[in-house]
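Here is the structure we will look at.
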Amino acid sequence: MVMGFVWTGMLVLSVIACLAKQDLGALTPAALEGAASAVTLCLSLAGPLCLWSGLAKVMERAGLTEKLGKKMRPLFCRLFPRAGRDELALGYLTANVSANLLGLGNAATPMGVAAVKRMQQLSPGPEASDEMCRLIVMNTASIQLLPTTVAAVRASLGSASPFDILPAVWVTSVVSVAAGLVAAALFGRARRA
């Protein structure tokens with residue numbers, strides 16, 4: 001909903017800028033060029049996203065996601081004490097983290113939403129629990145081992161080696177998740193105080 005207002009505001013500001021410059025003739029070609037670039041980008045991302053989403057589905061059907069969940073259970077039980085004991089919530093958490101590790105934010109989001117819904121069912125109150133906030137922070141910052149979406153964008157724009165950003169992605173994603181978890185803990189304590 002908010003992004004709708006942001007995009008509408010940008011569109012209105014663009015029209016106002018063209019009116020102020022008295023250059024409405026530049027508006028239509030710019031809008032058409034932007035739309036064409038958006039379609040080109042979407043199509044160039046479709047292949048890699050389908051590939052990695054398919055790989056994630058194969059991992060799920062082969063039971064690798066469940067095995068990964070069992071390996072990650074000690075970490076999940078520390079970060080999400082209530083949800084870590086629930087098999088359904090644990091499955092959603094595992095799928096969410098697995099998709100994020102593969103850089104598939106679009107595939108991770110539905111699993112994150114399902115995990116939060118399950119956490120809400122396990123939670124005593126109507127407000128967001130600390131566990132839900134931690135999951136949202138982890139989903140938003142997301143540690144990525146393979147930044148497939150970014151690599152696909154780089155490849156579509158002509159990069160000779162789209163994965164040469166791996167070390168920078170690893171460091172920044174770990175730091176951003178750590179900072180987010182610290183901030184969530186501090187805000188959670190402040191809210192309870």
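Following the order of the structure tokens, first chain is A, next is B, and so on, with residues numbered from 1 inside each chain and ligands from 1 in the order they appear.
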
Non-local contacts of segment 72-83 of chain A (8 Å; only C-alpha atoms; under 2 positions in same chain excluded) as a VMD selection string: chain A and resid 68 to 70 85 to 86 89 to 90 94 119 122 131 134

Prev. selection, N, CA and C atoms, output as a compact mmCIF listing (two decimals), in the first residue's frame:
# COMPACT_ATOMS: atom_id res chain seq x y z
N LEU A 68 18.24 -29.94 6.43
CA LEU A 68 18.83 -28.66 6.79
C LEU A 68 18.15 -28.10 8.03
N GLY A 69 16.83 -28.28 8.12
CA GLY A 69 16.10 -27.82 9.30
C GLY A 69 16.56 -28.51 10.56
N LYS A 70 16.83 -29.82 10.47
CA LYS A 70 17.31 -30.56 11.63
C LYS A 70 18.71 -30.07 12.04
N ARG A 85 10.23 -25.22 18.55
CA ARG A 85 9.69 -26.49 19.04
C ARG A 85 8.50 -26.98 18.21
N ASP A 86 7.99 -26.12 17.32
CA ASP A 86 6.83 -26.47 16.50
C ASP A 86 7.33 -26.92 15.12
N ALA A 89 6.18 -24.63 12.10
CA ALA A 89 6.90 -23.35 12.09
C ALA A 89 8.36 -23.57 11.71
N LEU A 90 8.95 -24.64 12.22
CA LEU A 90 10.34 -24.95 11.89
C LEU A 90 10.51 -25.21 10.39
N THR A 94 12.84 -22.96 8.00
CA THR A 94 13.90 -23.59 7.21
C THR A 94 13.79 -23.22 5.74
N MET A 119 3.67 -18.43 13.85
CA MET A 119 4.15 -17.86 15.11
C MET A 119 3.03 -17.09 15.82
N LEU A 122 0.95 -19.42 17.69
CA LEU A 122 1.62 -19.92 18.90
C LEU A 122 1.80 -18.84 19.95
N GLU A 131 9.97 -12.97 18.63
CA GLU A 131 10.37 -13.96 17.62
C GLU A 131 9.96 -13.51 16.23
N ARG A 134 12.31 -10.82 15.11
CA ARG A 134 13.62 -11.38 14.71
C ARG A 134 13.55 -12.01 13.33

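Of the residues under consideration (A:Gly34, A:Gly25, A:Pro110, A:Gly103), A:Gly103 shows the shortest atom-to-atom contact distance to Leu51 of chain A when counting only C-alpha atoms.
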
If DSSP is run on the backbone, what residues of segment 65-177 of chain A are helix (DSSP H, G or I)? A reply as number ranges by chain would be ideal. A: 65-79, 83-85, 87-101, 105-122, 130-141, 148-156, 166-177

Using only C-alpha atoms: which of A:Val153, A:Ala168, A:Ala179, A:Ala99 has the shortest distance to Cys42 of chain A: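 Among the listed residues, the smallest separation from Cys42 of chain A belongs to A:Val153.
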
When you look at Ser142 of chain A with a cut-off of 12 Å (counting only C-alpha atoms), what residues show up, excluding the ones that are within fewer than 5 positions of it in the same chain? I need them as an NGL selection string. :A and (96-106 or 108-109 or 112 or 134-137 or 147 or 169-181)

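Look at Tyr92 of chain A: the protein and nucleic acid residues within 9 Å of it, using only C-alpha atoms and passing over chain neighbours fewer than 6 places away, are Met111, Gly112, Val113, Ala114, Ala115, Val116 and Arg118 of chain A.
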
Create the file for the chosen residues now, containing N, CA and C atoms and written as a compact mmCIF listing (two decimals), in the first residue's frame.
# COMPACT_ATOMS: atom_id res chain seq x y z
N MET A 111 7.26 -18.06 2.42
CA MET A 111 7.57 -18.92 3.56
C MET A 111 7.73 -18.10 4.83
N GLY A 112 8.28 -16.92 4.72
CA GLY A 112 8.39 -16.03 5.88
C GLY A 112 7.03 -15.61 6.39
N VAL A 113 6.13 -15.29 5.46
CA VAL A 113 4.76 -14.92 5.85
C VAL A 113 4.07 -16.09 6.53
N ALA A 114 4.23 -17.29 5.98
CA ALA A 114 3.62 -18.48 6.60
C ALA A 114 4.21 -18.73 7.98
N ALA A 115 5.52 -18.52 8.14
CA ALA A 115 6.15 -18.71 9.46
C ALA A 115 5.61 -17.70 10.46
N VAL A 116 5.44 -16.45 10.04
CA VAL A 116 4.91 -15.43 10.95
C VAL A 116 3.47 -15.75 11.33
N ARG A 118 2.15 -18.73 11.54
CA ARG A 118 2.21 -19.83 12.49
C ARG A 118 2.69 -19.33 13.85

Work out how far atom CA of Leu32 of chain A is from atom CA of Ile16 of chain A, in Å to one decimal. 17.8 Å

So what do you get for atom CA of Val150 of chain A versus atom CA of Pro29 of chain A, distance-wise?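 Calculated distance between atom CA of Val150 of chain A and atom CA of Pro29 of chain A is 27.8 Å.
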
For the interface of segment 32-115 of chain A with segment 156-161 of chain A (cut-off 10 Å, counting only C-alpha atoms), please tabulate each contacting residue of segment 32-115 of chain A alongside its nearest pair of atoms and their separation in Å to one decimal, rows sorted by chain and increasing number, as CSV.
residue,atom,partner,partner_atom,distance
A:Thr40,CA,A:Ser156,CA,8.9
A:Leu41,CA,A:Ser156,CA,7.4
A:Leu43,CA,A:Ser156,CA,9.5
A:Ser44,CA,A:Ser156,CA,5.9
A:Leu45,CA,A:Ser156,CA,7.8

Enter the distance from atom CA of Gly84 of chain A to atom CA of Thr148 of chain A, in Å, rounded to one decimal. 27.9 Å

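Here the question is which of A:Leu27, A:Ala155, A:Ile143, A:Ala95 gets nearest to Val12 of chain A using only C-alpha atoms, and that residue is A:Leu27.
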